[in-house]
file work_28.cif (mmCIF, C-alpha atoms)
data_structure
loop_
_atom_site.label_atom_id
_atom_site.label_comp_id
_atom_site.auth_asym_id
_atom_site.auth_seq_id
_atom_site.Cartn_x
_atom_site.Cartn_y
_atom_site.Cartn_z
CA MET A 1 19.76 -1.99 -2.60
CA THR A 2 17.78 -0.84 -5.63
CA THR A 3 19.71 -3.21 -7.91
CA ILE A 4 19.14 -6.20 -5.64
CA LEU A 5 15.43 -5.47 -5.31
CA PHE A 6 15.21 -5.09 -9.07
CA TYR A 7 16.72 -8.56 -9.60
CA VAL A 8 14.46 -10.08 -6.95
CA LEU A 9 11.51 -8.46 -8.68
CA ILE A 10 12.52 -9.92 -12.04
CA VAL A 11 12.97 -13.43 -10.59
CA LEU A 12 9.58 -13.36 -8.87
CA ALA A 13 7.90 -11.96 -11.98
CA LEU A 14 9.44 -14.67 -14.17
CA ALA A 15 8.41 -17.37 -11.69
CA GLY A 16 4.84 -16.06 -11.60
CA SER A 17 4.64 -15.74 -15.37
CA SER A 18 6.05 -19.24 -15.88
CA TYR A 19 3.42 -20.69 -13.59
CA TYR A 20 0.65 -18.75 -15.32
CA GLY A 21 1.97 -19.76 -18.74
CA TRP A 22 2.01 -23.42 -17.71
CA ARG A 23 -1.57 -23.19 -16.44
CA SER A 24 -2.70 -21.39 -19.60
CA ALA A 25 -1.01 -23.92 -21.90
CA LYS A 26 -2.54 -26.78 -19.94
CA SER A 27 -6.05 -25.35 -20.15
CA ALA A 28 -5.56 -24.44 -23.83
CA LYS A 29 -5.19 -28.11 -24.71
CA ASN A 30 -8.81 -28.66 -23.74
CA ARG A 31 -10.15 -26.10 -26.20
CA GLN A 32 -9.63 -25.05 -29.80
CA GLU A 33 -7.99 -21.63 -30.15
CA THR A 34 -7.73 -19.40 -33.18
CA LYS A 35 -4.51 -17.58 -34.02
CA GLU A 36 -6.00 -14.34 -32.75
CA GLN A 37 -6.90 -15.98 -29.44
CA LYS A 38 -3.37 -17.33 -29.07
CA ARG A 39 -1.97 -13.84 -29.63
CA LEU A 40 -4.41 -12.42 -27.11
CA ARG A 41 -3.43 -15.09 -24.59
CA ASN A 42 0.24 -14.20 -25.04
CA ALA A 43 -0.55 -10.51 -24.62
CA LEU A 44 -2.58 -11.34 -21.51
CA LEU A 45 0.39 -13.25 -20.14
CA CYS A 46 2.63 -10.18 -20.59
CA VAL A 47 0.07 -7.97 -18.85
CA ASN A 48 -0.16 -10.43 -15.95
CA VAL A 49 3.63 -10.35 -15.57
CA LEU A 50 3.56 -6.55 -15.49
CA LEU A 51 0.73 -6.60 -12.96
CA PHE A 52 2.60 -9.02 -10.72
CA ALA A 53 5.74 -6.89 -10.87
CA GLY A 54 3.70 -3.72 -10.35
CA PHE A 55 1.93 -4.98 -7.25
CA LEU A 56 5.22 -6.24 -5.83
CA SER A 57 6.86 -2.90 -6.56
CA LEU A 58 3.96 -1.10 -4.87
CA VAL A 59 4.32 -3.16 -1.69
CA ILE A 60 8.11 -2.69 -1.60
CA THR A 61 7.78 1.06 -2.19
CA ILE A 62 5.19 1.49 0.56
CA LEU A 63 7.26 -0.49 3.08
CA ASN A 64 10.47 1.30 2.16
CA ASP A 65 8.91 4.77 2.40
CA ALA A 66 7.12 3.91 5.65
CA PHE A 67 10.34 2.73 7.31
CA ILE A 68 12.28 5.79 6.16
CA LEU A 69 9.58 8.30 7.14
CA THR A 70 9.26 6.80 10.61
CA GLY A 71 13.04 6.76 11.07
CA HIS A 72 13.40 2.97 11.17
CA GLU A 73 15.96 2.58 8.38
CA GLY A 74 18.05 0.39 10.68
CA LEU A 75 15.21 -2.09 11.16
CA LEU A 76 14.59 -2.21 7.43
CA GLN A 77 18.30 -2.73 6.78
CA GLN A 78 18.44 -5.64 9.22
CA GLY A 79 15.40 -7.27 7.62
CA LEU A 80 16.86 -6.94 4.13
CA ARG A 81 20.17 -8.37 5.26
CA MET A 82 18.38 -11.40 6.65
CA LEU A 83 16.45 -11.88 3.41
CA LEU A 84 19.03 -10.88 0.81
CA GLY A 85 22.36 -11.36 2.59
CA SER A 86 25.00 -9.07 3.99
CA GLY A 87 26.22 -6.07 2.06
CA VAL A 88 22.70 -4.75 1.59
CA SER A 89 22.24 -1.19 2.77
CA VAL A 90 19.37 1.27 2.83
CA LYS A 91 20.10 4.85 1.92
CA SER A 92 17.64 7.34 3.27
CA SER A 93 16.36 9.98 0.91
CA GLY A 94 16.75 12.49 3.71
CA PRO A 95 14.75 15.71 3.50
CA SER A 96 13.68 15.03 -0.08
CA LEU A 97 11.40 12.22 1.09
CA THR A 98 8.22 13.92 2.29
CA MET A 99 4.60 12.86 2.63
CA PHE A 100 3.91 14.75 -0.61
CA SER A 101 6.55 12.84 -2.59
CA VAL A 102 5.44 9.54 -1.04
CA THR A 103 1.82 10.26 -2.01
CA ILE A 104 2.81 11.14 -5.58
CA ASP A 105 4.89 7.95 -5.90
CA PHE A 106 1.95 5.90 -4.61
CA LEU A 107 -0.46 7.58 -7.04
CA ARG A 108 1.89 6.94 -9.97
CA LEU A 109 2.06 3.24 -9.18
CA ALA A 110 -1.70 3.09 -8.55
CA VAL A 111 -2.47 4.75 -11.91
CA ASN A 112 -0.19 2.33 -13.77
CA LEU A 113 -1.71 -0.67 -12.00
CA GLY A 114 -5.24 0.59 -12.65
CA PHE A 115 -4.44 0.98 -16.34
CA LEU A 116 -3.02 -2.55 -16.48
CA LEU A 117 -6.11 -3.96 -14.72
CA CYS A 118 -8.38 -2.27 -17.27
CA LEU A 119 -6.20 -3.58 -20.11
CA ARG A 120 -6.29 -7.10 -18.65
CA ALA A 121 -10.10 -7.08 -18.41
CA PHE A 122 -10.33 -5.72 -21.98
CA LEU A 123 -8.05 -8.47 -23.34
CA ILE A 124 -10.06 -11.13 -21.52
CA ASN A 125 -13.24 -9.86 -23.18
CA LEU A 126 -11.55 -9.89 -26.59
CA TYR A 127 -10.32 -13.43 -25.98
CA ARG A 128 -13.89 -14.48 -25.24
CA SER A 129 -15.02 -12.72 -28.45
CA ASP A 130 -17.02 -10.19 -26.41
CA ILE A 131 -16.14 -7.15 -28.49
CA PHE A 132 -19.19 -4.93 -28.93
CA ILE A 133 -20.30 -4.77 -25.31
CA ALA A 134 -20.81 -1.82 -23.00
CA LYS A 135 -18.16 -3.09 -20.58
CA ASN A 136 -15.39 -2.66 -23.15
CA ALA A 137 -16.33 0.96 -23.76
CA LYS A 138 -16.30 1.59 -20.00
CA LEU A 139 -12.90 -0.08 -19.61
CA VAL A 140 -11.38 2.04 -22.36
CA ARG A 141 -12.98 5.18 -20.90
CA TRP A 142 -11.62 4.40 -17.43
CA SER A 143 -8.20 3.83 -18.95
CA GLY A 144 -8.44 7.31 -20.46
CA HIS A 145 -9.40 8.77 -17.06
CA LEU A 146 -6.38 7.13 -15.44
CA LEU A 147 -3.98 8.41 -18.10
CA VAL A 148 -5.35 11.95 -17.80
CA LEU A 149 -4.75 11.70 -14.05
CA GLY A 150 -1.27 10.41 -14.83
CA THR A 151 -0.65 13.61 -16.79
CA PHE A 152 -0.51 15.58 -13.55
CA ILE A 153 1.50 13.14 -11.42
CA ASN A 154 4.22 12.13 -13.87
CA LYS A 155 7.23 14.22 -14.81
CA GLY A 156 6.34 16.74 -17.48
CA ILE A 157 6.89 20.19 -18.88
CA PHE A 158 6.05 22.23 -15.76
CA THR A 159 8.18 22.37 -12.63
CA PHE A 160 7.82 24.25 -9.39
CA GLY A 161 10.18 24.31 -6.45
CA THR A 162 13.95 24.00 -6.50
CA GLY A 163 16.47 21.25 -5.92
CA SER A 164 15.29 18.15 -4.09
CA GLN A 165 11.99 19.89 -3.23
CA SER A 166 11.02 20.46 -6.87
CA TYR A 167 8.01 18.81 -8.49
CA SER A 168 7.58 18.24 -12.21
CA PHE A 169 4.20 17.50 -13.78
CA PHE A 170 1.98 17.67 -16.89
CA ASN A 171 3.20 14.81 -19.08
CA ILE A 172 1.82 15.47 -22.57
CA SER A 173 2.27 11.84 -23.69
CA TYR A 174 -0.17 10.62 -21.03
CA LEU A 175 -2.64 13.34 -22.02
CA LEU A 176 -2.53 12.54 -25.74
CA VAL A 177 -2.96 8.79 -25.21
CA GLY A 178 -5.78 9.53 -22.77
CA PHE A 179 -7.61 11.57 -25.43
CA VAL A 180 -7.08 8.78 -27.97
CA LEU A 181 -8.62 6.31 -25.54
CA TYR A 182 -11.59 8.64 -25.03
CA ALA A 183 -12.10 8.65 -28.81
CA VAL A 184 -11.85 4.84 -28.92
CA SER A 185 -14.40 4.54 -26.12
CA MET A 186 -16.85 6.73 -28.08
CA ILE A 187 -16.30 4.58 -31.18
CA LEU A 188 -16.93 1.41 -29.16
CA THR A 189 -20.08 2.92 -27.65
CA LYS A 190 -21.40 3.80 -31.10
CA ALA A 191 -20.44 0.38 -32.51
CA ASN A 192 -22.17 -1.30 -29.58
CA ALA A 193 -25.34 0.68 -30.27
CA ILE A 194 -25.23 -0.26 -33.96
CA ALA A 195 -24.66 -3.94 -33.09
CA GLU A 196 -27.70 -3.89 -30.79
CA GLU A 197 -29.84 -2.24 -33.48
CA ASN A 198 -28.81 -4.89 -36.02
CA GLU A 199 -29.58 -7.62 -33.51
CA TYR A 200 -33.10 -6.27 -32.93
CA THR A 201 -33.59 -5.81 -36.68
CA ILE A 202 -32.72 -9.44 -37.39
#
call {"tool": "encode", "arguments": {"input": "work_28.cif", "output": "structure tokens"}}
result
Amino acid sequence: MTTILFYVLIVLALAGSSYYGWRSAKSAKNRQETKEQKRLRNALLCVNVLLFAGFLSLVITILNDAFILTGHEGLLQQGLRMLLGSGVSVKSSGPSLTMFSVTIDFLRLAVNLGFLLCLRAFLINLYRSDIFIAKNAKLVRWSGHLLVLGTFINKGIFTFGTGSQSYSFFNISYLLVGFVLYAVSMILTKANAIAEENEYTI
């Protein structure tokens, strides 16, 4: 089932990105773009594809976990067979699927989506040449907050519990990138203050 859902996810993501790319190319004809703006538009397209796939994955995960936790795997299996054809089966995670694990999975997806939303807003501001503004510093700071939160809900160096009931956390990569983003947000805040001072001076 996971493989089939993965392929469906890819097809839908490609369809959504193709439509967005067509709309972006059509609107780009009506304005002059620099090379930097074209690169930013391409990066924005990639982020939109990831967001589309992320939201779809979030919905599928919530539905799948809800059906399994409530003991309606059979109903879910029938619905998937109608949509994706026969041969599709749902395997329950059994005792390993608990409200705690479901909550952690949801938080992981939410953190990733939140980070992508902040990145999307930041790229849009850069595309519009709005660089030294307070909103950019806030977006980068919020991205840092989300990654620090992701440190404790993604697999890391600490583990407690045994077997299927174990939980791993404290991902150092998330923490380091989060600190880097905090530093960038402070730099942007300072640069924004300097830009405002120069504007008042002129």
call {"tool": "atom_distance", "arguments": {"input": "work_28.cif", "atom1": "CA of Leu149 in chain A", "atom2": "CA of Leu126 in chain A"}}
result
25.9 Å
call {"tool": "atom_distance", "arguments": {"input": "work_28.cif", "atom1": "CA of Leu40 in chain A", "atom2": "CA of Ser143 in chain A"}}
result
18.6 Å
call {"tool": "residues_around", "arguments": {"input": "work_28.cif", "residues": "Ile153 in chain A", "least_positions_apart": "3", "cutoff": "7 Å", "atoms": "all atoms listed in the file", "output": "list in words"}}
result
Ile104, Arg108, Leu149, Gly150 and Phe169 of chain A
call {"tool": "residues_around", "arguments": {"input": "work_28.cif", "residues": "Thr159 in chain A", "least_positions_apart": "5", "cutoff": "8 Å", "atoms": "all atoms listed in the file", "output": "list in words"}}
result
Ser166, Tyr167, Ser168 and Phe169 of chain A
call {"tool": "residues_around", "arguments": {"input": "work_28.cif", "residues": "range 54-66 of chain A", "least_positions_apart": "3", "cutoff": "7 Å", "atoms": "only C-alpha atoms", "output": "ChimeraX atom specification"}}
result
/A:50-51,69-70,102,109,113
call {"tool": "atom_distance", "arguments": {"input": "work_28.cif", "atom1": "CA of Val47 in chain A", "atom2": "CA of Phe122 in chain A"}}
result
11.1 Å
call {"tool": "closest_residue", "arguments": {"input": "work_28.cif", "among": "A:Ala195, A:Ala134, A:Ile157, A:Val148", "to": "Val177 in chain A", "atoms": "all atoms listed in the file"}}
result
A:Val148
call {"tool": "residues_around", "arguments": {"input": "work_28.cif", "residues": "Phe179 in chain A", "least_positions_apart": "3", "cutoff": "8 Å", "atoms": "all atoms listed in the file", "output": "number ranges by chain"}}
result
A: 144, 148, 175-176, 182-183
call {"tool": "write_last_selection", "arguments": {"input": "work_28.cif", "atoms": "C-alpha atoms", "output": "mmCIF file, in the coordinates of the input"}}
result
data_model
loop_
_atom_site.group_PDB
_atom_site.id
_atom_site.type_symbol
_atom_site.label_atom_id
_atom_site.label_comp_id
_atom_site.auth_asym_id
_atom_site.auth_seq_id
_atom_site.Cartn_x
_atom_site.Cartn_y
_atom_site.Cartn_z
ATOM 1 C CA GLY A 144 -8.440 7.310 -20.460
ATOM 2 C CA VAL A 148 -5.350 11.950 -17.800
ATOM 3 C CA LEU A 175 -2.640 13.340 -22.020
ATOM 4 C CA LEU A 176 -2.530 12.540 -25.740
ATOM 5 C CA TYR A 182 -11.590 8.640 -25.030
ATOM 6 C CA ALA A 183 -12.100 8.650 -28.810
#
call {"tool": "closest_residue", "arguments": {"input": "work_28.cif", "among": "A:Asn48, A:Ser129, A:Ser101, A:Gln37", "to": "Leu116 in chain A", "atoms": "all atoms listed in the file"}}
result
A:Asn48
call {"tool": "build_atoms", "arguments": {"input": "work_28.cif", "residues": "range 99-110 of chain A", "atoms": "all heavy atoms", "output": "PDB file, in the frame of the given file"}}
result
ATOM      1  N   MET A  99       5.903  13.482   2.831  1.00  0.00           N
ATOM      2  CA  MET A  99       4.600  12.860   2.630  1.00  0.00           C
ATOM      3  C   MET A  99       4.054  13.181   1.250  1.00  0.00           C
ATOM      4  O   MET A  99       3.381  12.357   0.631  1.00  0.00           O
ATOM      5  CB  MET A  99       3.623  13.325   3.710  1.00  0.00           C
ATOM      6  CG  MET A  99       3.813  12.649   5.052  1.00  0.00           C
ATOM      7  SD  MET A  99       3.673  10.837   4.952  1.00  0.00           S
ATOM      8  CE  MET A  99       2.003  10.637   4.359  1.00  0.00           C
ATOM      9  N   PHE A 100       4.366  14.368   0.731  1.00  0.00           N
ATOM     10  CA  PHE A 100       3.910  14.750  -0.610  1.00  0.00           C
ATOM     11  C   PHE A 100       4.537  13.851  -1.672  1.00  0.00           C
ATOM     12  O   PHE A 100       3.845  13.319  -2.537  1.00  0.00           O
ATOM     13  CB  PHE A 100       4.241  16.216  -0.874  1.00  0.00           C
ATOM     14  CG  PHE A 100       3.847  16.678  -2.249  1.00  0.00           C
ATOM     15  CD1 PHE A 100       2.524  16.948  -2.553  1.00  0.00           C
ATOM     16  CD2 PHE A 100       4.804  16.825  -3.249  1.00  0.00           C
ATOM     17  CE1 PHE A 100       2.154  17.375  -3.817  1.00  0.00           C
ATOM     18  CE2 PHE A 100       4.445  17.244  -4.518  1.00  0.00           C
ATOM     19  CZ  PHE A 100       3.115  17.526  -4.798  1.00  0.00           C
ATOM     20  N   SER A 101       5.864  13.664  -1.594  1.00  0.00           N
ATOM     21  CA  SER A 101       6.550  12.840  -2.590  1.00  0.00           C
ATOM     22  C   SER A 101       6.128  11.377  -2.472  1.00  0.00           C
ATOM     23  O   SER A 101       5.989  10.677  -3.478  1.00  0.00           O
ATOM     24  CB  SER A 101       8.068  12.972  -2.433  1.00  0.00           C
ATOM     25  OG  SER A 101       8.490  12.510  -1.168  1.00  0.00           O
ATOM     26  N   VAL A 102       5.901  10.913  -1.242  1.00  0.00           N
ATOM     27  CA  VAL A 102       5.440   9.540  -1.040  1.00  0.00           C
ATOM     28  C   VAL A 102       4.055   9.353  -1.656  1.00  0.00           C
ATOM     29  O   VAL A 102       3.779   8.345  -2.318  1.00  0.00           O
ATOM     30  CB  VAL A 102       5.423   9.194   0.467  1.00  0.00           C
ATOM     31  CG1 VAL A 102       4.678   7.889   0.723  1.00  0.00           C
ATOM     32  CG2 VAL A 102       6.840   9.094   1.005  1.00  0.00           C
ATOM     33  N   THR A 103       3.180  10.335  -1.447  1.00  0.00           N
ATOM     34  CA  THR A 103       1.820  10.260  -2.010  1.00  0.00           C
ATOM     35  C   THR A 103       1.850  10.253  -3.526  1.00  0.00           C
ATOM     36  O   THR A 103       1.130   9.478  -4.173  1.00  0.00           O
ATOM     37  CB  THR A 103       0.976  11.450  -1.508  1.00  0.00           C
ATOM     38  OG1 THR A 103       0.957  11.450  -0.079  1.00  0.00           O
ATOM     39  CG2 THR A 103      -0.443  11.359  -2.034  1.00  0.00           C
ATOM     40  N   ILE A 104       2.698  11.092  -4.115  1.00  0.00           N
ATOM     41  CA  ILE A 104       2.810  11.140  -5.580  1.00  0.00           C
ATOM     42  C   ILE A 104       3.331   9.811  -6.124  1.00  0.00           C
ATOM     43  O   ILE A 104       2.820   9.295  -7.128  1.00  0.00           O
ATOM     44  CB  ILE A 104       3.718  12.305  -6.013  1.00  0.00           C
ATOM     45  CG1 ILE A 104       3.064  13.644  -5.688  1.00  0.00           C
ATOM     46  CG2 ILE A 104       4.035  12.224  -7.500  1.00  0.00           C
ATOM     47  CD1 ILE A 104       1.749  13.890  -6.402  1.00  0.00           C
ATOM     48  N   ASP A 105       4.351   9.245  -5.467  1.00  0.00           N
ATOM     49  CA  ASP A 105       4.890   7.950  -5.900  1.00  0.00           C
ATOM     50  C   ASP A 105       3.810   6.865  -5.837  1.00  0.00           C
ATOM     51  O   ASP A 105       3.694   6.031  -6.744  1.00  0.00           O
ATOM     52  CB  ASP A 105       6.082   7.547  -5.035  1.00  0.00           C
ATOM     53  CG  ASP A 105       7.311   8.374  -5.343  1.00  0.00           C
ATOM     54  OD1 ASP A 105       7.370   8.972  -6.436  1.00  0.00           O
ATOM     55  OD2 ASP A 105       8.221   8.427  -4.490  1.00  0.00           O
ATOM     56  N   PHE A 106       3.031   6.881  -4.761  1.00  0.00           N
ATOM     57  CA  PHE A 106       1.950   5.900  -4.610  1.00  0.00           C
ATOM     58  C   PHE A 106       0.912   6.073  -5.714  1.00  0.00           C
ATOM     59  O   PHE A 106       0.445   5.093  -6.306  1.00  0.00           O
ATOM     60  CB  PHE A 106       1.301   6.046  -3.238  1.00  0.00           C
ATOM     61  CG  PHE A 106       0.100   5.164  -3.045  1.00  0.00           C
ATOM     62  CD1 PHE A 106       0.248   3.824  -2.736  1.00  0.00           C
ATOM     63  CD2 PHE A 106      -1.180   5.687  -3.193  1.00  0.00           C
ATOM     64  CE1 PHE A 106      -0.859   3.008  -2.570  1.00  0.00           C
ATOM     65  CE2 PHE A 106      -2.296   4.876  -3.025  1.00  0.00           C
ATOM     66  CZ  PHE A 106      -2.135   3.539  -2.708  1.00  0.00           C
ATOM     67  N   LEU A 107       0.540   7.323  -6.003  1.00  0.00           N
ATOM     68  CA  LEU A 107      -0.460   7.580  -7.040  1.00  0.00           C
ATOM     69  C   LEU A 107       0.045   7.147  -8.417  1.00  0.00           C
ATOM     70  O   LEU A 107      -0.720   6.615  -9.227  1.00  0.00           O
ATOM     71  CB  LEU A 107      -0.829   9.061  -7.062  1.00  0.00           C
ATOM     72  CG  LEU A 107      -1.716   9.554  -5.919  1.00  0.00           C
ATOM     73  CD1 LEU A 107      -1.914  11.062  -5.997  1.00  0.00           C
ATOM     74  CD2 LEU A 107      -3.063   8.847  -5.942  1.00  0.00           C
ATOM     75  N   ARG A 108       1.327   7.375  -8.678  1.00  0.00           N
ATOM     76  CA  ARG A 108       1.890   6.940  -9.970  1.00  0.00           C
ATOM     77  C   ARG A 108       1.765   5.437 -10.140  1.00  0.00           C
ATOM     78  O   ARG A 108       1.328   4.949 -11.189  1.00  0.00           O
ATOM     79  CB  ARG A 108       3.352   7.367 -10.052  1.00  0.00           C
ATOM     80  CG  ARG A 108       3.564   8.843 -10.314  1.00  0.00           C
ATOM     81  CD  ARG A 108       5.023   9.214 -10.216  1.00  0.00           C
ATOM     82  NE  ARG A 108       5.250  10.641 -10.436  1.00  0.00           N
ATOM     83  CZ  ARG A 108       6.335  11.290 -10.085  1.00  0.00           C
ATOM     84  NH1 ARG A 108       7.322  10.645  -9.478  1.00  0.00           N
ATOM     85  NH2 ARG A 108       6.463  12.572 -10.330  1.00  0.00           N
ATOM     86  N   LEU A 109       2.154   4.691  -9.106  1.00  0.00           N
ATOM     87  CA  LEU A 109       2.060   3.240  -9.180  1.00  0.00           C
ATOM     88  C   LEU A 109       0.602   2.793  -9.285  1.00  0.00           C
ATOM     89  O   LEU A 109       0.272   1.871 -10.038  1.00  0.00           O
ATOM     90  CB  LEU A 109       2.718   2.605  -7.951  1.00  0.00           C
ATOM     91  CG  LEU A 109       4.247   2.669  -7.909  1.00  0.00           C
ATOM     92  CD1 LEU A 109       4.766   2.234  -6.543  1.00  0.00           C
ATOM     93  CD2 LEU A 109       4.844   1.778  -8.999  1.00  0.00           C
ATOM     94  N   ALA A 110      -0.286   3.458  -8.527  1.00  0.00           N
ATOM     95  CA  ALA A 110      -1.700   3.090  -8.550  1.00  0.00           C
ATOM     96  C   ALA A 110      -2.312   3.330  -9.929  1.00  0.00           C
ATOM     97  O   ALA A 110      -3.101   2.515 -10.422  1.00  0.00           O
ATOM     98  CB  ALA A 110      -2.460   3.874  -7.486  1.00  0.00           C
TER      99      ALA A 110
END
